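This report refers to the structure that appears directly beneath it.
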Amino acid sequence: MNLVRNLSLISSSLVIASAAYAHYPYIAPLSYQTFNNHSAIISGFYDNPFVSEIAIKNFKFHVHTPAGQKIELKDTDWANTQTLSSYSLENKVDGSYRIRGEKPGSMSSFAQVNKEWKALIGGQPAADKPRNPNVVYRSQLAKNAKIKTVQAQEIIETFVSRRTISSATASHLHDGFDVQFITHPNAIQVNQPIQFKVLDNQHGIKGLNAEILVQTTDYSRDTKVFKTVTTDEQGVLNFSLAEKGQYLLKIDYQQPFNHKGNELKRYKYTLSFNVTAK
């Protein structure tokens with residue numbers, strides 16, 4: 001898994017400018033639990049968690065209602081400033097709403113060399129510079145070399161519950177990468193067990209790290225990782241949080257190279273959720 005992660009990070013750095021890569025997308029409501037008929041949903045790209053610096057763009061959003069209806073959102077449903085995007089969610093029906101955004105990212109190629117997978121790039125290696133052992137050039141490949149592509153995809157989501165917390169949207173499963181919420185994100189309290197199951201095509205992913213980021217409260221740009229947790233044999237994250245507040249759950253998962261087929265996916269997932277006092 002570490003090899004996969006290192007190679008995917010190398011590939012990303014080759015195709016994404018460093019300034020753009022420093023910002024990460026998220027979506028969150030102003031209130032996770034509400035009695036109102038409408039809820040303000042905000043989204044953007046942040047460097048410090050929950051401090052949007054750039055309005056969201058190139059994401060396709062949809063909403064799952066408590067009754068199970070899927071509503072596709074249009075770009076015109078969002079109001080944008082330079083730093084933030086906002087959407088007014090109509091939540092007149094009691095229960096939990098799930099808001100999800102998806103965006104396809106860059107495509108990377110990898111080649112197997114001496115049973116090791118390396119990032120594949122064009123051109124020729126520079127004669128006056130040391131060679132990166134994790135990179136291979138197309139001009140160096142044998143004709144029968146195995147090549148696989150990795151398509152990146154960003155997924156951001158959050159939940160809003162009106163008057164009551166319902167389970168239909170939390171238990172709904174999407175194709176591809178998804179999180180099954182054994183613990184409802186709108187029902188989390190301090191020091192209580194939390195269980196999220198991480199899935200790829202409805203199969204649990206074991207040994208996968210997830211980061212919990214805490215909301216920014218200072219001026220620094222230092223790391224805001226509050227806790228790192230790892231999925232168990234069934235793909236379940238088991239953790240608890242001792243402080244109330246607003247958090248982000250971040251997961252970066254690339255399908256392994258021994259995965260069937262030559263077209264793999266790398267998913268970068270972010271969930272915003274709230275922890276309340278007992």
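If you're wondering about the labels, chains in the structure tokens are A, B, ... by order shown, residues count from 1 in each chain, ligands from 1 in order shown.
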
With a distance cut-off of 9 Å and only C-alpha atoms, select the neighbouring residues of Ile147 in chain A, excluding the residue or stretch itself and same-chain residues fewer than 2 positions from it, and output the selection as an MDAnalysis selection string.
chainID A and resid 109:112 117 120 145 149 262

For range 76-89 of chain A, find every residue with an atom within 9 Å (counting only C-alpha atoms), except residues of its own chain fewer than 4 positions away, and show them as a PDB file with C-alpha atoms, in the first residue's frame.
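Listing of part_16.pdb after writing:
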```pdb
ATOM      1  CA  ASN A  37     -37.142  24.566   5.970  1.00  0.00           C
ATOM      2  CA  HIS A  38     -33.930  25.585   4.192  1.00  0.00           C
ATOM      3  CA  SER A  39     -30.249  25.125   5.039  1.00  0.00           C
ATOM      4  CA  ALA A  40     -27.215  27.031   3.815  1.00  0.00           C
ATOM      5  CA  ILE A  41     -24.586  24.723   2.302  1.00  0.00           C
ATOM      6  CA  ILE A  42     -21.114  26.098   1.601  1.00  0.00           C
ATOM      7  CA  SER A  43     -18.292  24.641  -0.461  1.00  0.00           C
ATOM      8  CA  GLY A  44     -14.847  25.654  -1.621  1.00  0.00           C
ATOM      9  CA  PHE A  45     -11.158  24.881  -1.672  1.00  0.00           C
ATOM     10  CA  SER A  52     -12.440  28.451   2.028  1.00  0.00           C
ATOM     11  CA  GLU A  53     -10.084  30.470  -0.168  1.00  0.00           C
ATOM     12  CA  ILE A  54     -11.437  29.593  -3.614  1.00  0.00           C
ATOM     13  CA  ALA A  55     -15.036  28.958  -4.745  1.00  0.00           C
ATOM     14  CA  ILE A  56     -15.805  25.379  -5.714  1.00  0.00           C
ATOM     15  CA  LYS A  57     -15.705  24.493  -9.417  1.00  0.00           C
ATOM     16  CA  VAL A  63     -28.670  15.370  -2.982  1.00  0.00           C
TER      17      VAL A  63
END
```

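Restricting the calculation to only C-alpha atoms, the smallest distance between Lys118 in chain A and any of A:Ser106, A:Gln140, A:Thr164, A:Thr158 is found for A:Gln140.
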
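The space between CA of Val198 in chain A and CA of Gln234 in chain A spans 8.7 Å.
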
Looking only at strand (DSSP E or B) from DSSP on the backbone, list the matching residues of range 34-232 of chain A as a compact mmCIF listing (two decimals) with C-alpha atoms, in the first residue's frame.
```
# COMPACT_ATOMS: atom_id res chain seq x y z
CA THR A 34 -31.85 22.11 11.96
CA HIS A 38 -33.93 25.59 4.19
CA SER A 39 -30.25 25.12 5.04
CA ALA A 40 -27.21 27.03 3.82
CA ILE A 41 -24.59 24.72 2.30
CA ILE A 42 -21.11 26.10 1.60
CA SER A 43 -18.29 24.64 -0.46
CA GLY A 44 -14.85 25.65 -1.62
CA PHE A 45 -11.16 24.88 -1.67
CA TYR A 46 -9.26 25.35 1.58
CA SER A 52 -12.44 28.45 2.03
CA GLU A 53 -10.08 30.47 -0.17
CA ILE A 54 -11.44 29.59 -3.61
CA ALA A 55 -15.04 28.96 -4.74
CA LYS A 60 -21.13 17.69 -10.05
CA PHE A 61 -23.38 17.62 -7.01
CA HIS A 62 -26.45 15.64 -6.05
CA VAL A 63 -28.67 15.37 -2.98
CA HIS A 64 -30.29 12.26 -1.52
CA LYS A 70 -31.83 11.70 -5.86
CA ILE A 71 -31.76 15.34 -6.99
CA GLU A 72 -29.07 16.47 -9.42
CA ALA A 79 -23.99 31.36 -5.73
CA ASN A 80 -20.27 32.07 -5.99
CA SER A 85 -19.74 28.84 -3.06
CA SER A 86 -23.15 28.55 -1.38
CA TYR A 87 -26.33 26.57 -2.03
CA SER A 88 -29.75 26.78 -0.38
CA LEU A 89 -30.94 23.26 0.40
CA GLU A 90 -34.71 22.86 0.67
CA GLY A 95 -35.00 13.41 8.20
CA SER A 96 -31.42 13.35 6.92
CA TYR A 97 -30.18 14.73 3.60
CA ARG A 98 -26.91 13.62 2.01
CA ILE A 99 -25.09 16.09 -0.26
CA ARG A 100 -22.32 14.68 -2.46
CA GLY A 101 -20.01 16.24 -5.04
CA GLU A 102 -17.76 14.41 -7.52
CA LYS A 103 -15.04 15.63 -9.85
CA PRO A 104 -12.82 13.61 -12.21
CA GLY A 105 -9.15 14.44 -11.88
CA SER A 106 -5.95 13.77 -13.78
CA MET A 107 -5.03 10.56 -15.56
CA SER A 108 -1.65 8.99 -14.78
CA SER A 109 0.18 6.03 -16.29
CA PHE A 110 2.33 3.40 -14.60
CA ALA A 111 4.55 0.67 -16.00
CA GLN A 112 5.83 -2.53 -14.45
CA VAL A 113 9.62 -2.78 -14.52
CA GLU A 116 7.88 -3.01 -9.66
CA TRP A 117 5.33 -0.39 -10.72
CA LYS A 118 6.77 3.00 -11.62
CA ALA A 119 5.28 6.29 -12.77
CA LEU A 120 5.44 6.42 -16.57
CA ILE A 121 6.31 9.67 -18.32
CA VAL A 135 9.95 6.92 -12.48
CA VAL A 136 10.40 5.28 -15.88
CA TYR A 137 10.43 6.92 -19.32
CA ILE A 147 1.02 -0.53 -18.39
CA LYS A 148 -1.91 0.61 -16.25
CA THR A 149 -3.65 3.96 -16.01
CA VAL A 150 -4.93 5.59 -12.82
CA GLN A 151 -7.87 8.00 -13.02
CA ALA A 152 -8.14 10.36 -10.04
CA GLN A 153 -11.54 11.32 -8.63
CA GLU A 154 -12.45 13.78 -5.87
CA ILE A 155 -15.50 13.07 -3.70
CA ILE A 156 -16.82 15.49 -1.06
CA GLU A 157 -19.94 15.06 1.02
CA THR A 158 -21.85 16.00 4.14
CA PHE A 159 -25.21 15.47 5.88
CA VAL A 160 -27.99 17.73 7.15
CA SER A 161 -30.79 16.45 9.39
CA ARG A 162 -34.09 18.25 9.95
CA PHE A 177 -15.66 4.16 -3.66
CA ASP A 178 -18.00 4.88 -0.78
CA VAL A 179 -18.33 5.11 2.99
CA GLN A 180 -21.00 3.14 4.82
CA PHE A 181 -22.01 5.08 7.92
CA GLN A 189 -21.24 12.78 20.44
CA ILE A 194 -17.74 5.94 15.83
CA GLN A 195 -17.79 3.36 13.02
CA PHE A 196 -17.44 4.14 9.31
CA LYS A 197 -16.90 1.32 6.80
CA VAL A 198 -14.76 2.22 3.77
CA LEU A 199 -15.77 0.41 0.58
CA ASP A 200 -14.57 -0.16 -2.97
CA HIS A 203 -16.11 -4.51 -0.48
CA GLY A 204 -14.38 -3.33 2.70
CA ASN A 209 -5.38 5.21 6.75
CA ALA A 210 -7.81 8.07 7.22
CA GLU A 211 -7.04 11.51 8.64
CA ILE A 212 -9.30 13.47 10.96
CA LEU A 213 -8.75 17.22 10.57
CA VAL A 214 -9.95 19.74 13.11
CA VAL A 225 -4.39 16.48 11.49
CA PHE A 226 -6.13 15.75 14.78
CA LYS A 227 -6.00 11.97 14.54
CA THR A 228 -5.05 9.22 12.09
CA VAL A 229 -7.07 6.00 12.11
CA THR A 230 -6.76 2.76 10.12
```

CA of Lys250 in chain A to CA of Ile165 in chain A measures 23.2 Å

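Comparing the minimum interatomic distances between Arg163 in chain A and each of A:His184, A:Lys92, A:His23, A:Lys268, counting only C-alpha atoms, we find that A:Lys92 sits nearest.
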
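Secondary structure by DSSP on the backbone puts the following residues of range 5-174 of chain A in helix (DSSP H, G or I): Arg5, Asn6, Leu7, Ser8, Leu9, Ile10, Ser11, Ser12, Ser13, Leu14, Val15, Ser18, Ala19, Ala20, Tyr21, Asp75, Thr76, Asp77, Arg138, Ser139, Gln140, Ala168, Thr169, Ala170 and Ser171 of chain A.
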
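Between CA of Leu249 in chain A and CA of Ser272 in chain A there is a distance of 6.5 Å.
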
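In this comparison, which uses only C-alpha atoms, the residue of A:Asp222, A:Glu243, A:Asp75, A:Asp252 approaching Val190 in chain A most closely is A:Glu243.
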
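Remark: for Gly261 in chain A, the closest of the candidate residues A:Lys244, A:Lys224, A:Lys146, A:Arg138 is A:Lys146 (distances computed over only C-alpha atoms).
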